[in-house]
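Asker: Next comes the structure file final.cif, holding mmCIF, C-alpha atoms.
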```cif
data_input
loop_
_atom_site.label_atom_id
_atom_site.label_comp_id
_atom_site.auth_asym_id
_atom_site.auth_seq_id
_atom_site.Cartn_x
_atom_site.Cartn_y
_atom_site.Cartn_z
CA MET T 1407 -7.25 16.63 86.11
CA GLU T 1408 -6.53 18.88 89.00
CA GLU T 1409 -3.32 19.03 90.97
CA SER T 1410 -5.01 17.55 94.08
CA GLU T 1411 -6.33 14.54 92.13
CA ILE T 1412 -2.89 13.82 90.72
CA THR T 1413 -1.34 14.08 94.19
CA GLU T 1414 -3.96 11.72 95.63
CA ARG T 1415 -3.39 9.15 92.84
CA ARG T 1416 0.37 9.25 93.48
CA ARG T 1417 -0.19 8.66 97.20
CA SER T 1418 -2.54 5.80 96.42
CA MET T 1419 -0.02 4.22 94.06
CA LYS T 1420 2.76 4.59 96.65
CA ARG T 1421 0.58 2.85 99.28
CA THR T 1422 -0.18 0.04 96.83
CA VAL T 1423 3.50 -0.46 96.01
CA VAL T 1424 4.44 -0.43 99.72
CA ARG T 1425 1.70 -2.98 100.53
CA LEU T 1426 2.77 -5.21 97.63
CA PHE T 1427 6.43 -5.04 98.65
CA SER T 1428 5.53 -5.75 102.30
CA GLY T 1429 3.46 -8.77 101.26
CA ILE T 1430 6.26 -10.19 99.12
CA LEU T 1431 8.78 -9.64 101.93
CA PHE T 1432 6.46 -11.35 104.42
CA LEU T 1433 6.01 -14.40 102.14
CA LEU T 1434 9.76 -14.59 101.59
CA LEU T 1435 10.46 -14.54 105.33
CA VAL T 1436 7.82 -17.20 106.01
CA THR T 1437 9.27 -19.41 103.27
CA ILE T 1438 12.79 -19.05 104.67
CA GLY T 1439 11.45 -19.84 108.14
CA PHE T 1440 10.02 -23.14 106.90
CA CYS T 1441 13.14 -24.08 104.92
CA VAL T 1442 15.83 -23.42 107.55
CA PRO T 1443 14.89 -26.40 109.77
CA CYS T 1444 15.13 -28.72 106.74
CA PHE T 1445 18.68 -27.62 106.02
CA THR T 1446 19.82 -27.84 109.63
CA VAL T 1447 18.39 -31.35 110.09
CA ALA T 1448 20.02 -32.64 106.92
CA GLY T 1449 23.49 -31.57 108.00
CA ASP T 1450 22.96 -32.36 111.68
CA HIS T 1451 25.38 -35.07 112.75
CA PRO T 1452 26.60 -36.05 116.18
CA ASP T 1453 29.89 -34.55 117.29
CA SER T 1454 31.33 -38.05 117.63
CA PRO T 1455 32.28 -39.78 114.38
CA GLY T 1456 30.19 -42.58 113.01
CA ILE T 1457 31.24 -46.21 113.09
CA GLU T 1458 33.20 -47.18 109.99
CA ILE T 1459 31.44 -50.25 108.62
CA HIS T 1460 33.07 -50.78 105.21
CA THR T 1461 35.71 -49.47 102.80
CA SER T 1462 36.22 -50.50 99.21
CA THR T 1463 37.55 -49.43 95.82
CA VAL T 1464 35.44 -49.60 92.68
CA ASP T 1465 37.08 -48.72 89.34
CA GLY T 1466 39.65 -46.62 91.21
CA TYR T 1467 37.02 -44.72 93.24
CA GLY T 1468 37.21 -45.07 97.01
CA PHE T 1469 34.13 -45.73 99.14
CA ARG T 1470 34.13 -45.28 102.93
CA PHE T 1471 30.90 -46.13 104.76
CA GLU T 1472 30.00 -44.91 108.24
CA LEU T 1473 26.92 -45.48 110.36
CA TYR T 1474 25.71 -42.77 112.74
CA ASP T 1475 23.20 -43.41 115.50
CA PHE T 1476 20.48 -40.87 116.34
CA PRO T 1477 18.76 -42.27 119.46
CA ASP T 1478 16.66 -39.11 119.86
CA ARG T 1479 15.22 -39.63 116.35
CA ASN T 1480 15.12 -43.43 116.69
CA THR T 1481 17.04 -43.87 113.44
CA GLN T 1482 20.50 -44.42 112.01
CA HIS T 1483 22.21 -42.49 109.25
CA LEU T 1484 24.23 -44.33 106.61
CA MET T 1485 26.96 -42.16 105.09
CA VAL T 1486 29.40 -42.85 102.27
CA SER T 1487 32.39 -40.72 101.31
CA VAL T 1488 33.45 -41.11 97.69
CA THR T 1489 36.90 -40.19 96.39
CA ASP T 1490 38.01 -40.17 92.76
CA PRO T 1491 41.05 -42.13 91.51
CA ASN T 1492 43.26 -39.14 92.43
CA GLY T 1493 41.99 -39.15 96.03
CA LYS T 1494 39.88 -36.00 95.61
CA VAL T 1495 36.48 -35.99 97.37
CA VAL T 1496 33.58 -36.34 94.92
CA LEU T 1497 31.01 -33.63 95.67
CA ASN T 1498 28.87 -33.61 92.52
CA GLY T 1499 27.73 -37.22 92.37
CA LYS T 1500 24.43 -38.95 93.00
CA VAL T 1501 24.26 -41.89 95.37
CA GLY T 1502 21.50 -44.33 96.27
CA PHE T 1503 21.24 -47.13 98.83
CA LEU T 1504 19.29 -50.39 98.78
CA VAL T 1505 19.40 -52.08 102.18
CA LYS T 1506 17.92 -55.53 102.81
CA GLY T 1507 17.37 -56.25 106.49
CA PRO T 1508 17.60 -59.52 108.44
CA ASP T 1509 13.83 -59.99 107.98
CA GLY T 1510 14.08 -59.53 104.19
CA ALA T 1511 12.49 -56.06 104.25
CA LYS T 1512 14.05 -53.65 101.76
CA GLN T 1513 14.78 -49.96 102.26
CA LYS T 1514 15.59 -47.71 99.31
CA ALA T 1515 16.95 -44.18 99.63
CA MET T 1516 18.51 -41.48 97.49
CA THR T 1517 21.13 -39.71 99.54
CA MET T 1518 21.71 -36.06 100.25
CA GLY T 1519 25.16 -34.56 99.85
CA MET T 1520 26.47 -33.22 103.16
CA LYS T 1521 29.81 -32.57 104.82
CA GLY T 1522 31.78 -34.01 101.91
CA ALA T 1523 29.78 -37.25 101.83
CA TYR T 1524 26.37 -38.66 100.93
CA GLY T 1525 23.88 -39.88 103.52
CA ALA T 1526 20.36 -41.07 104.21
CA ASP T 1527 18.37 -42.13 107.26
CA MET T 1528 18.00 -45.91 107.41
CA ASP T 1529 16.65 -48.37 109.95
CA PHE T 1530 19.26 -50.74 111.39
CA SER T 1531 17.30 -51.44 114.59
CA GLN T 1532 17.01 -55.23 114.17
CA LYS T 1533 19.90 -57.48 115.07
CA GLY T 1534 21.24 -59.58 112.23
CA LEU T 1535 22.83 -59.36 108.80
CA TYR T 1536 22.08 -56.46 106.43
CA SER T 1537 22.91 -56.49 102.73
CA ILE T 1538 23.84 -53.00 101.54
CA LYS T 1539 23.96 -52.15 97.83
CA THR T 1540 25.19 -48.76 96.68
CA LYS T 1541 24.99 -47.09 93.29
CA ALA T 1542 27.00 -43.92 92.70
CA VAL T 1543 26.85 -41.88 89.52
CA VAL T 1544 29.85 -39.61 89.01
CA GLY T 1545 29.65 -37.78 85.71
CA ASP T 1546 28.91 -40.49 83.12
CA LYS T 1547 30.40 -43.27 85.28
CA LYS T 1548 28.14 -45.67 87.22
CA LEU T 1549 29.74 -47.35 90.23
CA PHE T 1550 28.25 -50.26 92.17
CA ASP T 1551 29.29 -51.58 95.57
CA GLN T 1552 27.76 -54.28 97.75
CA PHE T 1553 28.62 -55.61 101.20
CA ASP T 1554 27.07 -57.19 104.27
CA TYR T 1555 27.00 -55.58 107.71
CA GLU T 1556 25.99 -57.34 110.91
CA VAL T 1557 24.21 -55.57 113.76
CA LYS T 1558 24.99 -57.42 116.99
#
```
Let's see the structure in the file written out as structure tokens.
Answerer:
Amino acid sequence: MEESEITERRRSMKRTVVRLFSGILFLLLVTIGFCVPCFTVAGDHPDSPGIEIHTSTVDGYGFRFELYDFPDRNTQHLMVSVTDPNGKVVLNGKVGFLVKGPDGAKQKAMTMGMKGAYGADMDFSQKGLYSIKTKAVVGDKKLFDQFDYEVK
């Protein structure tokens, strides 16, 4: 092979590597662009605090429930803060809600951890009594709480 052929192959390989790297970078930026709105919506809460609707203690763990209203999204957000028996906020748990509305319709949701609590969008638009069941799994411990909340 001649010197000019070797030089041309090196240039061709460099162009291929640059194109490949540019393509990967472009895909990465597009992926990040699609993911960022998901993260900002999940942690997006009104500046005003939610309405505290229930507090309880289950096996030494504290539960504090708040309801946030999002009129622009036409939904409410049910949040629960969980503290361990020592009063430390539980950040590594899993929490699910089962809400039965005044009409008997059931809503089920697994929560997302955010701002030191766990929350999910729920529909509390009808007036009447809601039955709210919560299951929290903290390590190997399963905790259950249930209460009624009335929307007036």
Asker: Written as a PyMOL selection string, which residues does the PyMOL selection byres ((chain T and resi 1508) around 8) give for the file shown?
Answerer: chain T and resi 1506-1507+1509-1511+1532-1536
Asker: Ranking T:Tyr1555, T:Phe1503, T:Phe1469, T:Phe1550 by minimum distance to Ala1523 of chain T and counting only C-alpha atoms, which one comes first?
Answerer: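 Ranking T:Tyr1555, T:Phe1503, T:Phe1469, T:Phe1550 by distance to Ala1523 of chain T, first place goes to T:Phe1469.
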Asker: Of the candidates T:Lys1420, T:Gly1493, T:Glu1472, T:Gly1499, which one gets nearest to Lys1548 of chain T if we count all atoms listed in the file?
Answerer: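 Among the listed residues, the smallest separation from Lys1548 of chain T belongs to T:Gly1499.
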Asker: Find the residues around Arg1470 of chain T up to 7 Å (only C-alpha atoms counted), leave out those fewer than 4 positions away in its own chain, and share them as a JSON list (two decimals) with C-alpha atoms, in the coordinates of the input.
Answerer:
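Saved the output as part-v4.json:
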```
[["chain", "number", "residue", "atom", "x", "y", "z"],
["T", 1460, "HIS", "CA", 33.07, -50.78, 105.21],
["T", 1461, "THR", "CA", 35.71, -49.47, 102.80],
["T", 1462, "SER", "CA", 36.22, -50.50, 99.21],
["T", 1486, "VAL", "CA", 29.40, -42.85, 102.27],
["T", 1487, "SER", "CA", 32.39, -40.72, 101.31],
["T", 1488, "VAL", "CA", 33.45, -41.11, 97.69]]
```
Asker: How would you write, as a list in words, the residues chosen by the PyMOL selection byres ((chain T and resi 1552) around 8) on this structure?
Answerer: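 Expected selection for the PyMOL selection byres ((chain T and resi 1552) around 8) here is Ser1537, Ile1538, Lys1539, Thr1540, Phe1550, Asp1551, Phe1553 and Asp1554 of chain T.
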Asker: Since we have the selection now, will you write its residues out, keeping C-alpha atoms, as a PDB file, in the frame of the given file?
Answerer:
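Below you can see part.pdb, which holds the result:
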```
ATOM      1  CA  SER T1537      22.910 -56.490 102.730  1.00  0.00           C
ATOM      2  CA  ILE T1538      23.840 -53.000 101.540  1.00  0.00           C
ATOM      3  CA  LYS T1539      23.960 -52.150  97.830  1.00  0.00           C
ATOM      4  CA  THR T1540      25.190 -48.760  96.680  1.00  0.00           C
ATOM      5  CA  PHE T1550      28.250 -50.260  92.170  1.00  0.00           C
ATOM      6  CA  ASP T1551      29.290 -51.580  95.570  1.00  0.00           C
ATOM      7  CA  PHE T1553      28.620 -55.610 101.200  1.00  0.00           C
ATOM      8  CA  ASP T1554      27.070 -57.190 104.270  1.00  0.00           C
TER       9      ASP T1554
END
```
Asker: For Ser1531 of chain T, which residue out of T:Val1557, T:Met1419, T:Met1407, T:Leu1434 is the nearest one, using all atoms listed in the file?
Answerer: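 Result for the nearest residue to Ser1531 of chain T: T:Val1557.
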Asker: Taking (29.9, -47.1, 107.6) in the file's coordinates as the center, which residues reach within 6 Å of it, counting only C-alpha atoms, put as a list in words?
Answerer: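 Within the cut-off we find Ile1457, Glu1458, Ile1459, His1460, Phe1471, Glu1472 and Leu1473 of chain T.
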